[in-house]
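What follows is a set of notes on a single structure, which appears directly below.
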2 protein chains.
Amino acid sequence: MHSCGVTNTAIDLTRAARRFHALSDATRLGILQMLGDGERCVCDLQGDLDAAQSRLSFHLMALKDAGLVTDRKEARWSYYTLMPDTLGEMHDVILVLGTEQSKGRRLKILGRCCG
Amino acid sequence: MHSCGVTNTAIDLTRAARRFHALSDATRLGILQMLGDGERCVCDLQGDLDAAQSRLSFHLMALKDAGLVTDRKEARWSYYTLMPDTLGEMHDVILVLGTEQSKGRRLKILGRCCG
DNA sequence: CGAATCCATCAACTTCCACTGATCAACGAG
DNA sequence: CTCGTTGATCAGTGGAAGTTGATGGATTCG
């Protein structure tokens with residue numbers, strides 16, 4: 001699946017583009033950052049990100065469509081969580097992008113990782 | 001700078017968003033993929049990506065603005081090259097996003113990487 | 001039940017992107 | 001010098017994406 005094994009892998013560019021689009025907004029990145037600490041309900045995010053409710057809902061939907069988060073309803077609240085595997089896939093796409101054929105460059109990008 | 005060391009690092013979300021935006025288009029990802037094999041002139045890309053010249057120019061500009069590629073002029077031609085460090089930074093942003101405070105989750109995303 | 005909270009959804013509007021076709025500057029070749 | 005090639009840039013256009021404010025459904029609490 002997604003490992004640092006960076007195989008040849010013909011990437012689905014359209015799919016990847018859609019996902020990167022989900023990351024191309026500061027509000028959405030802010031949401032992901034908060035979710036990095038664990039599950040959050042919308043009202044929490046609303047307070048911390050100082051965003052109108054409908055705006056937040058819009059961005060959460062975008063993240064959900066991209067497969068970057070999931071939601072869960074409990075009582076009145078909707079809780080959102082990261083889907084770490086998707087971030088993992090995207091991380092791999094970036095690695096592959098910089099490297100395709102050249103193993104040498106790959107290691108350079110990886111830095112001291114996977115050394 | 002960008003290493004798998006994934007430090008705390010307050011990320012500049014706006015800057016990151018702008019960069020991810022550059023990756024949010026299949027044509028641009030295609031360009032990056034081709035540049036993974038090494039420097040290319042615009043006319044090469046044009047042939048292989050089957051894109052109109054002004055369209056290509058537009059996307060190359062977007063990639064350049066995002067710091068993902070550089071260009072070099074020689075005679076009649078413009079040659080474009082990847083800037084691997086920028087891809088490296090973005091790769092780190094993704095890692096940090098999934099992790100912020102939680103070291104445990106970080107390792108999970110990294111998979112077998114960084115042991 | 002009635003009031004309040006949480007959140008998704010909708011319509012209206014604005015802003016931003018991507019694409020096309022045209023033009024133009026730079027360069028090299030004949 | 002003239003012509004063909006390379007590629008940047010520009011104006012115009014259609015459509016997608018983001019924002020706001022309002023509405024309504026679901027749920028909880030008094």
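Residues are named by chain letter and number: chains run A, B, ... in the order of the structure tokens, numbers start at 1 in each chain, and ligands are numbered from 1 in the order shown.
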- Check: which chain B residues lie within 8 Å of chain D using only C-alpha atoms (C1' of nucleotides), as a ChimeraX atom specification: /B:42-43,53,57,76-78
Could you write out that same residue set with N, CA and C atoms as a compact mmCIF listing (two decimals), in the first residue's frame?
```txt
# COMPACT_ATOMS: atom_id res chain seq x y z
N VAL B 42 10.17 23.06 -22.95
CA VAL B 42 8.73 23.17 -23.07
C VAL B 42 8.21 22.36 -24.25
N CYS B 43 8.94 22.41 -25.36
CA CYS B 43 8.44 21.72 -26.55
C CYS B 43 8.37 20.21 -26.35
N GLN B 53 0.28 25.12 -26.23
CA GLN B 53 1.47 25.80 -25.73
C GLN B 53 1.16 26.80 -24.62
N SER B 57 2.42 26.71 -20.73
CA SER B 57 3.14 27.84 -20.19
C SER B 57 2.49 28.31 -18.89
N ARG B 76 17.00 29.11 -28.09
CA ARG B 76 15.57 29.34 -28.23
C ARG B 76 14.75 28.67 -27.14
N TRP B 77 15.37 27.80 -26.40
CA TRP B 77 14.58 26.92 -25.54
C TRP B 77 14.55 27.32 -24.08
N SER B 78 13.48 26.96 -23.42
CA SER B 78 13.40 27.07 -21.95
C SER B 78 13.40 25.66 -21.39
```
- Task: Considering only C-alpha atoms (C1' of nucleotides), extract the chain C residues located within 8 Å of chain A and return them as a VMD selection string.
- Result: chain C and resid 5 to 8
Residue selection dump (N, CA and C atoms (P, O5', C5', C4', C3', O3' and C1' of nucleotides)) as a short mmCIF file (atom, residue, chain, number, x, y, z; two decimals), in the first residue's frame:
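Listing of again.cif after writing:
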```cif
data_model
loop_
_atom_site.label_atom_id
_atom_site.label_comp_id
_atom_site.auth_asym_id
_atom_site.auth_seq_id
_atom_site.Cartn_x
_atom_site.Cartn_y
_atom_site.Cartn_z
P DT C 5 -28.28 28.24 23.22
"O5'" DT C 5 -27.68 26.91 22.58
"C5'" DT C 5 -27.53 25.76 23.39
"C4'" DT C 5 -27.18 24.58 22.51
"C3'" DT C 5 -26.07 24.86 21.50
"O3'" DT C 5 -25.10 23.84 21.64
"C1'" DT C 5 -27.92 23.86 20.45
P DC C 6 -23.68 23.98 20.91
"O5'" DC C 6 -23.87 23.02 19.67
"C5'" DC C 6 -24.05 21.62 19.90
"C4'" DC C 6 -24.34 20.95 18.59
"C3'" DC C 6 -23.35 21.28 17.47
"O3'" DC C 6 -22.80 20.07 16.97
"C1'" DC C 6 -25.59 21.50 16.72
P DC C 7 -21.49 20.16 16.10
"O5'" DC C 7 -22.13 20.19 14.66
"C5'" DC C 7 -22.87 19.04 14.23
"C4'" DC C 7 -23.67 19.37 13.00
"C3'" DC C 7 -22.86 19.87 11.80
"O3'" DC C 7 -23.08 18.99 10.74
"C1'" DC C 7 -24.88 21.04 12.06
P DA C 8 -22.03 18.81 9.59
"O5'" DA C 8 -23.03 18.53 8.38
"C5'" DA C 8 -24.12 17.65 8.60
"C4'" DA C 8 -25.26 17.99 7.66
"C3'" DA C 8 -24.82 18.25 6.22
"O3'" DA C 8 -25.74 17.60 5.35
"C1'" DA C 8 -26.04 20.11 7.05
#
```
- Would you mind reading off the distance between CA of Arg19 in chain B and CA of Gln46 in chain A, one decimal, in Å?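 CA of Gln46 in chain A lies 25.0 Å from CA of Arg19 in chain B.
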- Task: Pick out each residue of range 11-115 of chain A that DSSP on the backbone tags as alpha helix (DSSP H); I need them as number ranges by chain.
- Result: A: 13-22, 26-35, 42-49, 53-65, 84-97, 103-110
- Between A:Ala17, A:Leu82, A:Leu60, A:Ile11, which one has atoms that come closest to chain B, using only C-alpha atoms?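 The answer is A:Ala17, which sits nearest to chain B.
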- Item | Nearest candidate to chain B (options A:His21, A:Arg72, A:His59, A:Arg15; using only C-alpha atoms) |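 Smallest distance to chain B is found for A:His21.
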